[in-house]
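The structure under discussion appears below in the form of structure tokens.
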Amino acid sequence: MATPVFTAISVSAPPTPDRDPSAPRPAHHANDTKTLFVNPWPSFRKQTFSSMMNLAYEVIANWPAVPEDISSKLGLRKPDFGYTVKTSESATAVDGNKSSMKATWLGHACFLLELPSPDGAARGARILFDPVFSHRCSPFSFMGPQRHIPPPCKLEEIPSVDIVVISHNHYDHLDTASITTLDKLFRPHFFAPLNNEAYFKANKVPEERTHTLDWWDARNVTVDLPTSTTSSDEVPASTVKTTFEVTCTPAQHFTGRGLTDRFHTLWASWAIRDPASG
């Protein structure tokens, strides 16, 4: 069996530095150790444990019956990721939209974004957001929210991914089976909000490929893109470097994967800027 060849990726801080450590504590930090966070806006109303249990009961009690033909109603389609497949089954897909940005929805909050291909490159840089491909969004394999239809494709069918971006640690956004599979398939760099380091370390993602950011922190990501379409076990004859910027931006939400860790990791939205596109 051939050894996979992984894309070379480097991450660096942009010329604008992160927040000055001597500056006052940000409003969304609840302590000085970056281990507890709050929503700093009056629009957020913190729920008590009892109110959350009441809400959960109401949701479950009023949950509508799932139609037997739900798959046909939802119109599940196998994604082509913006590529046009040649007529021959043995031929590889070709990109007829190299100058365009391509976004593929893979269910719930998961999107694969491919930036425009730079001159000479066979593809653009690829970013995968909140991948969840497991059957259940739960710490348990036998109970908890489950899928009614399968994912539109397998993780193994997704084109090579350069970075994976996580918004927060709820099970329907941070799925361990998906993270570990992607790590084995592509060796991507992982981006997540503050205090998620322990999660990635526990799942054996190397520290050098893990990046946890605060709101308004940014990183430049440089990817060596192949100049021609190659299989995963072929070393590209030559590469083209492309750089884009990833910025962690504010969001109103909360976090927690258990009963005692609510608000202990940060939540975020994310902005991607491709300097070549203006």
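Just remember, in the structure tokens the first chain shown is A, the second B, etc., residues are 1-based per chain, and ligands are 1-based in the order shown.
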Quiz item: Can you list, as a PyMOL selection string, every protein, DNA or RNA residue that comes within 12 Å of Pro131 of chain A when you count only C-alpha atoms, leaving out same-chain residues fewer than 6 positions away?
Solution: chain A and resi 105-112+137+151+153-155+158+161+163-183+190
Quiz item: Of the residues A:Ser51, A:Glu156, A:His148, A:Pro139, which is the one nearest to Glu68 of chain A, using only C-alpha atoms?
Solution: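 Once distances to Glu68 of chain A are computed over only C-alpha atoms, the minimum belongs to A:His148.
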Exercise. Skip segment 115-125 of chain A itself and residues of its chain fewer than 3 positions away, then list as a ChimeraX atom specification all residues within 12 Å of it, counting only C-alpha atoms.
Key: /A:7-9,81-83,93-104,112,128,159-164,188,221-230,236-245,272-278
Go ahead and save the residues from that selection, with C-alpha atoms, as a PDB file, in the first residue's frame.
```
ATOM      1  CA  THR A   7       0.092  18.928   1.404  1.00  0.00           C
ATOM      2  CA  ALA A   8       2.715  21.238   2.931  1.00  0.00           C
ATOM      3  CA  ILE A   9       1.020  23.894   5.082  1.00  0.00           C
ATOM      4  CA  PHE A  81     -17.723  19.877  -4.949  1.00  0.00           C
ATOM      5  CA  GLY A  82     -18.005  22.203  -7.942  1.00  0.00           C
ATOM      6  CA  TYR A  83     -16.160  19.888 -10.293  1.00  0.00           C
ATOM      7  CA  ALA A  93     -12.972  15.176 -12.112  1.00  0.00           C
ATOM      8  CA  VAL A  94     -11.971  18.434 -13.732  1.00  0.00           C
ATOM      9  CA  ASP A  95     -12.448  21.952 -12.447  1.00  0.00           C
ATOM     10  CA  GLY A  96     -14.315  24.140 -14.878  1.00  0.00           C
ATOM     11  CA  ASN A  97     -14.617  26.955 -12.322  1.00  0.00           C
ATOM     12  CA  LYS A  98     -11.022  27.443 -11.202  1.00  0.00           C
ATOM     13  CA  SER A  99     -11.391  31.200 -10.900  1.00  0.00           C
ATOM     14  CA  SER A 100     -14.482  30.941  -8.693  1.00  0.00           C
ATOM     15  CA  MET A 101     -14.956  30.254  -5.012  1.00  0.00           C
ATOM     16  CA  LYS A 102     -16.812  26.974  -4.435  1.00  0.00           C
ATOM     17  CA  ALA A 103     -18.886  26.150  -1.334  1.00  0.00           C
ATOM     18  CA  THR A 104     -20.498  22.759  -0.747  1.00  0.00           C
ATOM     19  CA  LEU A 112     -16.380  22.671   2.333  1.00  0.00           C
ATOM     20  CA  LEU A 128     -13.754  22.457   6.008  1.00  0.00           C
ATOM     21  CA  PRO A 159     -11.225  16.267  -1.804  1.00  0.00           C
ATOM     22  CA  SER A 160      -7.997  16.875   0.102  1.00  0.00           C
ATOM     23  CA  VAL A 161      -8.623  19.329   2.968  1.00  0.00           C
ATOM     24  CA  ASP A 162      -5.996  21.877   4.053  1.00  0.00           C
ATOM     25  CA  ILE A 163      -7.523  23.271   7.255  1.00  0.00           C
ATOM     26  CA  VAL A 164     -10.481  22.360   9.462  1.00  0.00           C
ATOM     27  CA  PRO A 188      -4.844  19.254   8.016  1.00  0.00           C
ATOM     28  CA  VAL A 221      -2.155  30.085   6.198  1.00  0.00           C
ATOM     29  CA  THR A 222       0.215  29.211   3.341  1.00  0.00           C
ATOM     30  CA  VAL A 223      -0.500  26.081   1.294  1.00  0.00           C
ATOM     31  CA  ASP A 224       1.715  24.444  -1.341  1.00  0.00           C
ATOM     32  CA  LEU A 225      -0.840  23.581  -4.020  1.00  0.00           C
ATOM     33  CA  PRO A 226      -0.077  21.006  -6.741  1.00  0.00           C
ATOM     34  CA  THR A 227       0.219  22.279 -10.304  1.00  0.00           C
ATOM     35  CA  SER A 228      -1.500  19.194 -11.699  1.00  0.00           C
ATOM     36  CA  THR A 229      -4.111  16.758 -10.419  1.00  0.00           C
ATOM     37  CA  THR A 230      -2.422  13.961  -8.460  1.00  0.00           C
ATOM     38  CA  PRO A 236       3.324  16.630  -7.096  1.00  0.00           C
ATOM     39  CA  ALA A 237       5.869  17.501  -9.774  1.00  0.00           C
ATOM     40  CA  SER A 238       5.742  21.142  -8.682  1.00  0.00           C
ATOM     41  CA  THR A 239       3.706  23.369  -6.396  1.00  0.00           C
ATOM     42  CA  VAL A 240       2.323  26.897  -6.219  1.00  0.00           C
ATOM     43  CA  LYS A 241       2.150  28.728  -2.894  1.00  0.00           C
ATOM     44  CA  THR A 242      -1.042  30.483  -1.900  1.00  0.00           C
ATOM     45  CA  THR A 243      -1.797  32.367   1.315  1.00  0.00           C
ATOM     46  CA  PHE A 244      -5.114  33.266   2.926  1.00  0.00           C
ATOM     47  CA  GLU A 245      -6.083  34.761   6.277  1.00  0.00           C
ATOM     48  CA  ILE A 272     -11.690  33.844   5.663  1.00  0.00           C
ATOM     49  CA  ARG A 273      -9.934  36.461   3.539  1.00  0.00           C
ATOM     50  CA  ASP A 274      -8.226  35.608   0.281  1.00  0.00           C
ATOM     51  CA  PRO A 275      -5.840  38.509  -0.452  1.00  0.00           C
ATOM     52  CA  ALA A 276      -5.684  37.516  -4.125  1.00  0.00           C
ATOM     53  CA  SER A 277      -9.436  38.140  -4.419  1.00  0.00           C
ATOM     54  CA  GLY A 278      -9.255  41.593  -2.862  1.00  0.00           C
TER      55      GLY A 278
END
```
Quiz item: Just how far from atom CA of Arg136 of chain A is atom CA of Lys184 of chain A, in Å to one decimal?
Solution: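 Taking atom CA of Lys184 of chain A and atom CA of Arg136 of chain A, their separation equals 21.1 Å.
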Practice problem: Determine the nearest neighbour of His253 of chain A from the options A:Pro14, A:Pro24, A:Pro40, A:Pro152, counting only C-alpha atoms. | Solution: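 With only C-alpha atoms as the atom set, the closest residue is A:Pro40.
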Practice problem: Using backbone DSSP assignments, extract all strand (DSSP E or B) residues from segment 16-227 of chain A; output them as a VMD selection string. | Solution: chain A and resid 29 37 84 to 85 93 to 94 102 to 105 111 to 114 126 to 129 136 146 163 to 165 189 to 193 210 to 213 218 to 226
Exercise. Would you list the contacts of Lys46 of chain A as a VMD selection string, taking every protein, DNA or RNA residue within 12 Å and counting only C-alpha atoms, but skipping same-chain residues closer than 4 positions in sequence?
Key: chain A and resid 38 to 42 50 to 52 252 to 254 262 to 263
Practice problem: Using DSSP on the backbone, list every residue of segment 142-235 of chain A that comes out as helix (DSSP H, G or I), and give them as a PyMOL selection string. | Solution: chain A and resi 155-157+176-186+197-202+207-209
Quiz prompt | atom CA of Pro193 of chain A to atom CA of Trp267 of chain A, distance in Å rounded to a single decimal | solution =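 Calculated distance between atom CA of Pro193 of chain A and atom CA of Trp267 of chain A is 5.8 Å.
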Quiz item: With only C-alpha atoms as the basis for distance, which of A:Ala192, A:Ile149, A:Leu55, A:Ile60 is at the shortest distance from His135 of chain A?
Solution: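 Of the candidates, the smallest distance to His135 of chain A is held by A:Ile149.
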